[in-house]
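Comments concern the structure below.
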Amino acid sequence: MRTLKFLLQKEFKQIFRNKALLPLIFVVPIVQLLILPLAADYEVKNINISIVDHDHSTFSRNLISKITSSGYFRLADYSNSFQSAFNQIESDKSDLILEIPQGFEKNLVRENEQKLFIAVNAINGVKAGLGGAYLNQIITAYNADIRLQWFQSDKFNTAPVITVASSNWFNPFMNYRFFMVPGILVVLVTMVGAYMCALNIVKEKEAGTIEQINVTPIKKYQFILGKLIPFWIIGMFVFSVGLFVVARLVYGIVPVGSLLLLYGYLSIYLIALLGLGLLISTFAETQQQAMSVAFFFIMIFMLMSGLFTSLDGMPQWAYIIAKCSPVTYFIEVVRMVVLKGSGFSDIKNHFVIMIGFAVLLNGLAIWNYKKTS
Amino acid sequence: MTNETVIKTDKLTKRFGDFIATNEITFEVYAGEIFGFLGANGAGKTTAMKMLCGLSTPSSGNATIAGFDIYKQTEEIKKNIGYMSQKFSLYEDLTVLENIQFFGGIYGLTDKQLKAKSNQLIETLGMQNEAKKLVASLPLGWKQKLAFSVAILHEPKIVFLDEPTGGVDPIVRRQFWDLIYSAADRGITIFVTTHYMDEAEYCNRVSMMVDGVIKALDTPDNLKKQFSASSMDDVFFELARGAKRKAD
Amino acid sequence: MKQFLTFVRKEFYHVFRDKKTLLMLFGLPIVQIVLFGFALTNEIKNSKIVICDYAKDEATQQIINKIEASQNFDIQKTLFSHRQIEEAFKAGNIKLAIIFPANFNNDLSHLHQAQVQIIADASDPNTANTLTNYATAIIMDYQQELMKNNVVPFRIVPEIRMLYNPELKGATNFVPGVMALVLMLVCVMMTSVSIVREKENGTMEVLLVSPFNPFLVIIAKAIPFLLLSIVNLSVILILSVTLLDMPINGSISLLFAESILLIITALSLGLLISNVAQSQQAAMLISLMGMLVPTMLFTGFMFPIENMPVPLQVICNIIPAKWYYTIVKSIMIKGLGFSAIWKETLVLFGMTVFLLVVSFKKFKTRLV
C-alpha cells in the first residue's frame, strides 16, 4: 500500500510537470469537443438546387416556391437550359437539378399525367438519397394540393388512402449534435486513455528507469496499478468535464438515463482501455513505435465504431471487427443512456462484454509484461 | 573484510539462441569487498550482471546473492541489492529530493527515516542548493553521484554498478570512487564493471572476462605478477588480445 | 550531378532498410481503402425494426411481407403492445417501429382511409429520416397497387436520375478523400521524420559541413518520397478500380500531374515541420495531429463543408487536401478536363510555392 502511494505520487508529479502533455490531456479534448460537433455535422440540409423551368406557368412557379420555402433547399440557379444547370453540378455549386418540362401545366390538366425530371449529384450517396426523397415528398404534397383544388374530394375518396404519421423519438428536433457529441466524448476519452498510458510506460523503458524499478522490490501488480490509476482518474475527469461542462452548457445535452450507470460503465471501459495501452507498451520499445501502433488501432477503432456510419450497413467481416472493439460498445452505451435513458437491464450484455474486454486485455498485458526476460 | 560469501555463482550461463553471452562463469564475491568485473565491450559483463540482479533469467547454472537463490528468491534478492545501470536512470522530471524520497519510499523506509536519510545524503553530496531542482538540469557528474547514492539509500548488502563513471571527468571520477570507498567501509559489497584500468587498481579483486568466460580472477597485484605486466592496462591487453568477439 | 545521385541513392537505402516504415507506407493506404471502401458505408441496410400489428389482417400482412422483402429492413420481432415499443428502443438497436392500428383493412376498404404510425429513433437523425422515407415508400407502393384500377387524376411522376453514382455507393465519395489523406499523411510525416532523424543523429551537421549544397540535400531527401508516393497513388487507384469498381472517367495523366502537385505541397509542409520539430517524436506528433485531423475533418469527404459554421469553412480553405479532393472528384468521377479545375490547381500551386519559400527561408536561417 505504501509502495503504491509512492508510485502514485511520482506519477502525478511527472504528469503535472510535463508541460507538453498537460494541454494534450486537458485542453485539446475540450477544444475538440467544441469544434468537432460543429464540423462533423452530417445533417442533410442546405441542399443546393438548380431549377430548369421550361414551362414558366403558374403551376411551375407554385411548385418552385413550395420547394424553396421547405427549408431543405437553397435555390442555387434558375435557368432555361439543362446544360447550364448541369454546369452548376459539375462545378459543385449545385447538388440537384429539377427540370420542369414545357407544357407541364397544360399536360397535367389535359392528360392527367406529367413527368418531372430530377437529376441528383450522387457522389455523396447519403445526401443524394435524402435530397431526392425530400424533393419527392414536396412534389407529392404539391400533387395532393392540386387535386384538392380541382376536385371535390368525394369523387376521389373511393380510392384507398393510407396516411403515414411519423414521429421522432429521443431527439424530436432532429438535432444532429445530440447524436455526435456523446460519441465524440467517447473518442476523446479513448485517445487520452490508450495513448497516454502506452506512451507513459514506454517512456520509462526508453529512459531506462524501468530497469531501475525492476531491481527494486516493487511487485508487478504495484507498478501496473501505479500506472493505471492516474490515467483512470484522468479519463474520469476528462469525461466529466466533457459531459457536464461542454455537452450540457454548450450543446444543452442532459443525460436522460442514470448517471450512476453511465459512470459505472465508464469505469470498466477505462480499465479495458488502459489494458490496451498497457498491452501496446509491452510490445513497443520506443515511444515512436508506441505512438504509431496506438494511432493505428485507435484510427480503426474510431472509424469502425459506428461513430460516423451505421454498423448495420457493414459487410459481415467488418461488422465482426467492429464488434471486437471496446469503443463500439461504449459509444452504443453512451448514446443509449444519454439520449434514450436506457437502464441497467437494457445494457446488461454490454457490461458483461466490457468486463470481458477488461479482463482479457489486462490479462494479456500482465502476461506480456515480464519483469525478467 | 570477512570471508562471508555474498555472491556465489556456479557455471552461470546465458544463451540468446545460438549465441552464448556468458559461458559457465563461476566465482565468489566476499562481503565488504570491491569486486571489479572487467572485460572488453561485448565480453558479456552486462549480461552477467543483469542475471545477478534478477533482471534476466539464466539459461543454466546456479547462483546465490546474499544467500538467496536467483531462480526462486528474486524478490528477497531485490530487497538486499542496489543497482546503478550504464544508462543514467533516475527520473529526470523529478527533483533531487523527490527522487530520493521515491526510491527510499519503495524500499520501505518510514517517513522519519526518509527525512533523515535525504537530509544526510544531500549534505554528503553537497547538493543543498540543487535539492529542489529537476534532475534533468544537473551536470552528468552530479547525476551519477546522485544515482549511486540513491542505489545505496536502503543500505543494501551488495550494490551493482554498471560502468558508473562513463563519460565523466577525472575529478568527478575521483569523487565517485570516494563515495564507493565510504560505502565499502560501511560494509556494502561493491560489484563494479568498468573500462578504466586505473579504476581496476582501486578494486580489492578483479575478474577479467573474455568472450563470455572469466579468464582471470585475483587481486590487481597478483594479476600483474601473473602476467608479468607493469600495469592493469597490460594485463588487459594480454588477455583481450585473443578475443574473437569484436567490440560492438 | 554524380554527387547528387549518390545522395539520392543513400536516401533510398534509408527508406528500404527501414522495414517498419515501409510497412506503414504501403500498409496504410491498403487499410484505408479497405476500410473506407468496404467497411464504412453510409448505405442503410438491414436496419433492425419492430412491428406492432394490432390489426393482423390481410392488408397489414401484405405490407409486412413487403417490408420483410426489402433489403433495408430486418424485422426483429413483432410486438403485441404499444408499451413494449419504448422498451425495445431502449434495450437495443431498434431503429424504427411501425404500428398498424386495429381494423386497418376494414378502415381501408370501407372508409377508404387508414393510418400507419411510424416511430423512428431520432438519436441518429439521418438514419431516422432515411428509414422513415424508405418505410413510407413501401407503404405508398402498396397503396399504389390498391389503386391500380382507379384512375388517379393529375398525377405528377418525378423521374429521379442519380448522376455519377447510380448505386449510391459510399466509395465514390470516400476514395478521393482517402487519396488526399494518404498522400498528405505519408509525405508530410515521412519527410519531417526523416529530416529530423538526421538532425537527432547529428548526421545532418556532417552533411551541412560537406561542400554539397544544402538545398540539394533536402531535394535528395524528397525524391524517394516523391517516387514512393506515386507508387502509393497507383496502388490506391488500382485497388479502387479493381476492388471497388470505381471509374476513372477523366484523364489519368492529368490526375497524376495534379497528384504530384499535392505531393510536392505535402513534402514542403514536411520540410517546414522538420524545421520546427526538435525530435522525431515531436515531428510525428505534429504531422499526425496537425495533418490527419484537419484533413479528415475539413476536406469535405467525411463531413459536408456547407454545414459548418463560417469560421470553420474559412479554415477548410487553407487545407491543401480540400482543393485536391475537389480536383480528384472532378477528374475521376465527373470526367472533367483541366478547364474545370484550373482555379483549384492555381490555389494548390500558390500554397506549394508559399510553403516552399517559407521552409527554405527557415532552413537557411538555421544554417547560419
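Letters for chains follow the order of the C-alpha cells (A, B, ...), residue numbers begin at 1 for each chain, and ligand numbers begin at 1 in the order shown.
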
Kindly provide, as a PDB file with N, CA and C atoms, in the first residue's frame, the residues of chain A having any atom no farther than 10 Å from an atom of chain B, counting only C-alpha atoms.
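Okay, part.pdb is ready:
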```pdb
ATOM      1  N   ARG A   2       1.893   1.207   0.887  1.00  0.00           N
ATOM      2  CA  ARG A   2       2.791   2.352   0.989  1.00  0.00           C
ATOM      3  C   ARG A   2       3.577   2.536  -0.315  1.00  0.00           C
ATOM      4  N   THR A   3       3.981   1.405  -0.886  1.00  0.00           N
ATOM      5  CA  THR A   3       4.709   1.463  -2.150  1.00  0.00           C
ATOM      6  C   THR A   3       3.845   2.125  -3.215  1.00  0.00           C
ATOM      7  N   LEU A   4       2.557   1.710  -3.239  1.00  0.00           N
ATOM      8  CA  LEU A   4       1.636   2.247  -4.233  1.00  0.00           C
ATOM      9  C   LEU A   4       1.502   3.758  -4.058  1.00  0.00           C
ATOM     10  N   LYS A   5       1.485   4.184  -2.795  1.00  0.00           N
ATOM     11  CA  LYS A   5       1.363   5.614  -2.535  1.00  0.00           C
ATOM     12  C   LYS A   5       2.540   6.368  -3.165  1.00  0.00           C
ATOM     13  N   PHE A   6       3.726   5.813  -2.986  1.00  0.00           N
ATOM     14  CA  PHE A   6       4.906   6.475  -3.552  1.00  0.00           C
ATOM     15  C   PHE A   6       4.869   6.467  -5.077  1.00  0.00           C
ATOM     16  N   LEU A   7       4.415   5.362  -5.638  1.00  0.00           N
ATOM     17  CA  LEU A   7       4.325   5.279  -7.099  1.00  0.00           C
ATOM     18  C   LEU A   7       3.349   6.315  -7.639  1.00  0.00           C
ATOM     19  N   LEU A   8       2.181   6.419  -6.978  1.00  0.00           N
ATOM     20  CA  LEU A   8       1.170   7.354  -7.450  1.00  0.00           C
ATOM     21  C   LEU A   8       1.658   8.787  -7.332  1.00  0.00           C
ATOM     22  N   GLN A   9       2.294   9.074  -6.203  1.00  0.00           N
ATOM     23  CA  GLN A   9       2.842  10.408  -6.000  1.00  0.00           C
ATOM     24  C   GLN A   9       3.765  10.789  -7.153  1.00  0.00           C
ATOM     25  N   LYS A  10       4.642   9.852  -7.472  1.00  0.00           N
ATOM     26  CA  LYS A  10       5.610  10.085  -8.541  1.00  0.00           C
ATOM     27  C   LYS A  10       4.912  10.300  -9.873  1.00  0.00           C
ATOM     28  N   GLU A  11       3.923   9.440 -10.199  1.00  0.00           N
ATOM     29  CA  GLU A  11       3.237   9.572 -11.487  1.00  0.00           C
ATOM     30  C   GLU A  11       2.566  10.930 -11.616  1.00  0.00           C
ATOM     31  N   LYS A  13       3.186  13.699 -10.033  1.00  0.00           N
ATOM     32  CA  LYS A  13       4.173  14.763 -10.155  1.00  0.00           C
ATOM     33  C   LYS A  13       4.668  14.847 -11.588  1.00  0.00           C
ATOM     34  N   GLN A  14       4.966  13.674 -12.159  1.00  0.00           N
ATOM     35  CA  GLN A  14       5.511  13.675 -13.518  1.00  0.00           C
ATOM     36  C   GLN A  14       4.495  14.192 -14.530  1.00  0.00           C
ATOM     37  N   ILE A  15       3.226  13.750 -14.356  1.00  0.00           N
ATOM     38  CA  ILE A  15       2.207  14.182 -15.312  1.00  0.00           C
ATOM     39  C   ILE A  15       2.003  15.691 -15.237  1.00  0.00           C
ATOM     40  N   ARG A  17       3.994  17.869 -14.253  1.00  0.00           N
ATOM     41  CA  ARG A  17       5.173  18.648 -14.569  1.00  0.00           C
ATOM     42  C   ARG A  17       5.428  18.688 -16.073  1.00  0.00           C
ATOM     43  N   ASN A  18       4.767  17.797 -16.791  1.00  0.00           N
ATOM     44  CA  ASN A  18       5.028  17.698 -18.222  1.00  0.00           C
ATOM     45  C   ASN A  18       4.207  18.732 -18.979  1.00  0.00           C
ATOM     46  N   GLU A 204       9.351   5.196 -19.806  1.00  0.00           N
ATOM     47  CA  GLU A 204      10.234   4.669 -18.759  1.00  0.00           C
ATOM     48  C   GLU A 204      11.191   3.631 -19.344  1.00  0.00           C
ATOM     49  N   GLU A 206      12.363   3.687 -22.417  1.00  0.00           N
ATOM     50  CA  GLU A 206      13.368   4.432 -23.169  1.00  0.00           C
ATOM     51  C   GLU A 206      14.387   5.071 -22.251  1.00  0.00           C
ATOM     52  N   ALA A 207      13.894   5.635 -21.158  1.00  0.00           N
ATOM     53  CA  ALA A 207      14.796   6.336 -20.258  1.00  0.00           C
ATOM     54  C   ALA A 207      15.621   5.363 -19.427  1.00  0.00           C
ATOM     55  N   GLY A 208      15.237   4.094 -19.398  1.00  0.00           N
ATOM     56  CA  GLY A 208      15.979   3.105 -18.620  1.00  0.00           C
ATOM     57  C   GLY A 208      15.549   3.041 -17.176  1.00  0.00           C
ATOM     58  N   THR A 209      14.608   3.911 -16.790  1.00  0.00           N
ATOM     59  CA  THR A 209      14.195   3.910 -15.385  1.00  0.00           C
ATOM     60  C   THR A 209      13.430   2.642 -15.025  1.00  0.00           C
ATOM     61  N   ILE A 210      12.843   1.998 -16.052  1.00  0.00           N
ATOM     62  CA  ILE A 210      12.069   0.799 -15.754  1.00  0.00           C
ATOM     63  C   ILE A 210      12.999  -0.282 -15.215  1.00  0.00           C
ATOM     64  N   GLU A 211      14.254  -0.278 -15.669  1.00  0.00           N
ATOM     65  CA  GLU A 211      15.215  -1.252 -15.186  1.00  0.00           C
ATOM     66  C   GLU A 211      15.510  -1.004 -13.712  1.00  0.00           C
ATOM     67  N   GLN A 212      15.623   0.277 -13.391  1.00  0.00           N
ATOM     68  CA  GLN A 212      15.869   0.654 -12.008  1.00  0.00           C
ATOM     69  C   GLN A 212      14.716   0.181 -11.136  1.00  0.00           C
ATOM     70  N   ILE A 213      13.491   0.347 -11.641  1.00  0.00           N
ATOM     71  CA  ILE A 213      12.308  -0.095 -10.905  1.00  0.00           C
ATOM     72  C   ILE A 213      12.335  -1.618 -10.752  1.00  0.00           C
ATOM     73  N   ASN A 214      12.783  -2.300 -11.788  1.00  0.00           N
ATOM     74  CA  ASN A 214      12.742  -3.752 -11.771  1.00  0.00           C
ATOM     75  C   ASN A 214      13.696  -4.379 -10.761  1.00  0.00           C
ATOM     76  N   VAL A 215      14.759  -3.673 -10.383  1.00  0.00           N
ATOM     77  CA  VAL A 215      15.650  -4.257  -9.379  1.00  0.00           C
ATOM     78  C   VAL A 215      15.190  -3.918  -7.961  1.00  0.00           C
ATOM     79  N   THR A 216      14.141  -3.097  -7.857  1.00  0.00           N
ATOM     80  CA  THR A 216      13.616  -2.794  -6.526  1.00  0.00           C
ATOM     81  C   THR A 216      12.563  -3.845  -6.166  1.00  0.00           C
ATOM     82  N   PRO A 217      12.170  -3.896  -4.913  1.00  0.00           N
ATOM     83  CA  PRO A 217      11.187  -4.917  -4.519  1.00  0.00           C
ATOM     84  C   PRO A 217       9.758  -4.607  -4.978  1.00  0.00           C
ATOM     85  N   ILE A 218       9.563  -3.612  -5.845  1.00  0.00           N
ATOM     86  CA  ILE A 218       8.205  -3.319  -6.315  1.00  0.00           C
ATOM     87  C   ILE A 218       7.642  -4.539  -7.041  1.00  0.00           C
ATOM     88  N   LYS A 219       6.386  -4.877  -6.696  1.00  0.00           N
ATOM     89  CA  LYS A 219       5.749  -6.021  -7.351  1.00  0.00           C
ATOM     90  C   LYS A 219       5.165  -5.585  -8.690  1.00  0.00           C
ATOM     91  N   LYS A 370       6.907  -8.695 -18.695  1.00  0.00           N
ATOM     92  CA  LYS A 370       7.715  -9.566 -17.867  1.00  0.00           C
ATOM     93  C   LYS A 370       8.755  -8.747 -17.141  1.00  0.00           C
ATOM     94  N   LYS A 371       8.856  -9.047 -15.893  1.00  0.00           N
ATOM     95  CA  LYS A 371       9.873  -8.367 -15.119  1.00  0.00           C
ATOM     96  C   LYS A 371      11.245  -8.906 -15.498  1.00  0.00           C
ATOM     97  N   THR A 372      11.300 -10.197 -15.763  1.00  0.00           N
ATOM     98  CA  THR A 372      12.571 -10.807 -16.142  1.00  0.00           C
ATOM     99  C   THR A 372      12.453 -11.283 -17.576  1.00  0.00           C
ATOM    100  N   SER A 373      13.544 -11.206 -18.313  1.00  0.00           N
ATOM    101  CA  SER A 373      13.449 -11.608 -19.711  1.00  0.00           C
ATOM    102  C   SER A 373      13.902 -13.054 -19.875  1.00  0.00           C
TER     103      SER A 373
END
```

Discussion item. Need to verify the contact set: Ile263 (chain C), 9 Å, only C-alpha atoms, exclusion of same-chain residues closer than 6 positions in sequence. Can you return it as a ChimeraX atom specification?
Written reply: /C:183-184,187-188,225-226,229-230

Item to complete: Considering only C-alpha atoms, return as a list in words whatever protein or nucleic-acid residues lie within 8 Å of Val192 (chain A), sequence-local ones (same chain, fewer than 4 positions apart) excluded.
Response: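 Once the nearby chain positions are removed, what remains is Ile25, Leu188, Met196, Cys197 and Gly235 of chain A.
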
Fill in: In region 113-171 of chain C, DSSP strand (DSSP E or B) residues written as a ChimeraX atom specification
/C:113-121,155-163

Discussion item. If we count only C-alpha atoms and set the cut-off at 7 Å, which residues sit around Leu217 (chain B), ignoring sequence neighbours fewer than 6 positions away in its own chain? Please answer as a count of residues only.
Written reply: 3

Worksheet item: Using only C-alpha atoms, which of the listed residues (A:Asp92, A:Asp145, A:Glu99, A:Glu113) sits closest to chain C?
Response: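 That would be A:Glu113, the residue with the smallest distance to chain C.
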
Discussion item. Can you pull out the residues contacting region 344-354 of chain C? Cut-off 6 Å, using only C-alpha atoms, and skip same-chain residues under 3 positions away; I want them as an MDAnalysis selection string.
Written reply: chainID C and resid 265 323 341 357

Could the residues in this selection be written to a file with C-alpha atoms, as a PDB file, in the first residue's frame?
```
ATOM      1  CA  THR C 265       2.858  20.610 -51.329  1.00  0.00           C
ATOM      2  CA  TRP C 323      -8.631  21.596 -53.076  1.00  0.00           C
ATOM      3  CA  ILE C 341     -10.222  22.731 -62.284  1.00  0.00           C
ATOM      4  CA  VAL C 357       9.635  29.640 -49.906  1.00  0.00           C
TER       5      VAL C 357
END
```

Discussion item. Would you pick out the contacts of Arg186 (chain B) at 12 Å or less, using only C-alpha atoms, so that residues sharing its chain but fewer than 5 positions from it are not included, and give the list as a ChimeraX atom specification?
Written reply: /B:1,31-33,152,155-158,179-181

Output of the above residues as an mmCIF file, in the first residue's frame, restricted to N, CA and C atoms:
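Result written to part-v2.cif:
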```cif
data_model
loop_
_atom_site.group_PDB
_atom_site.id
_atom_site.type_symbol
_atom_site.label_atom_id
_atom_site.label_comp_id
_atom_site.auth_asym_id
_atom_site.auth_seq_id
_atom_site.Cartn_x
_atom_site.Cartn_y
_atom_site.Cartn_z
ATOM 1 N N MET B 1 37.479 -6.843 6.040
ATOM 2 C CA MET B 1 36.839 -7.795 5.112
ATOM 3 C C MET B 1 36.707 -9.165 5.776
ATOM 4 N N ALA B 31 31.893 -10.513 1.343
ATOM 5 C CA ALA B 31 31.243 -9.338 1.931
ATOM 6 C C ALA B 31 32.244 -8.218 2.131
ATOM 7 N N GLY B 32 31.832 -7.021 1.774
ATOM 8 C CA GLY B 32 32.622 -5.833 2.030
ATOM 9 C C GLY B 32 33.728 -5.565 1.034
ATOM 10 N N GLU B 33 33.917 -6.423 0.062
ATOM 11 C CA GLU B 33 34.999 -6.152 -0.882
ATOM 12 C C GLU B 33 34.513 -5.333 -2.078
ATOM 13 N N ILE B 152 22.259 3.123 -2.974
ATOM 14 C CA ILE B 152 22.623 2.529 -1.678
ATOM 15 C C ILE B 152 21.842 3.155 -0.530
ATOM 16 N N GLU B 155 20.716 0.949 2.274
ATOM 17 C CA GLU B 155 21.786 0.157 2.859
ATOM 18 C C GLU B 155 21.727 -1.307 2.431
ATOM 19 N N PRO B 156 21.863 -1.574 1.134
ATOM 20 C CA PRO B 156 21.791 -2.947 0.671
ATOM 21 C C PRO B 156 23.067 -3.692 1.048
ATOM 22 N N LYS B 157 23.032 -5.021 0.937
ATOM 23 C CA LYS B 157 24.234 -5.801 1.203
ATOM 24 C C LYS B 157 25.226 -5.622 0.061
ATOM 25 N N ILE B 158 24.676 -5.598 -1.165
ATOM 26 C CA ILE B 158 25.534 -5.522 -2.340
ATOM 27 C C ILE B 158 25.015 -4.415 -3.245
ATOM 28 N N LEU B 179 33.097 8.027 -2.862
ATOM 29 C CA LEU B 179 31.785 7.559 -2.403
ATOM 30 C C LEU B 179 31.774 6.036 -2.309
ATOM 31 N N ILE B 180 32.390 5.383 -3.300
ATOM 32 C CA ILE B 180 32.412 3.926 -3.310
ATOM 33 C C ILE B 180 33.166 3.407 -2.087
ATOM 34 N N TYR B 181 34.323 4.025 -1.802
ATOM 35 C CA TYR B 181 35.110 3.580 -0.640
ATOM 36 C C TYR B 181 34.330 3.758 0.647
#
```

Fill in: Among the residues A:Gly242, A:Thr190, A:Asn46, A:Ile366, the one that comes closest to Phe223 (chain A) [using only C-alpha atoms]
A:Ile366
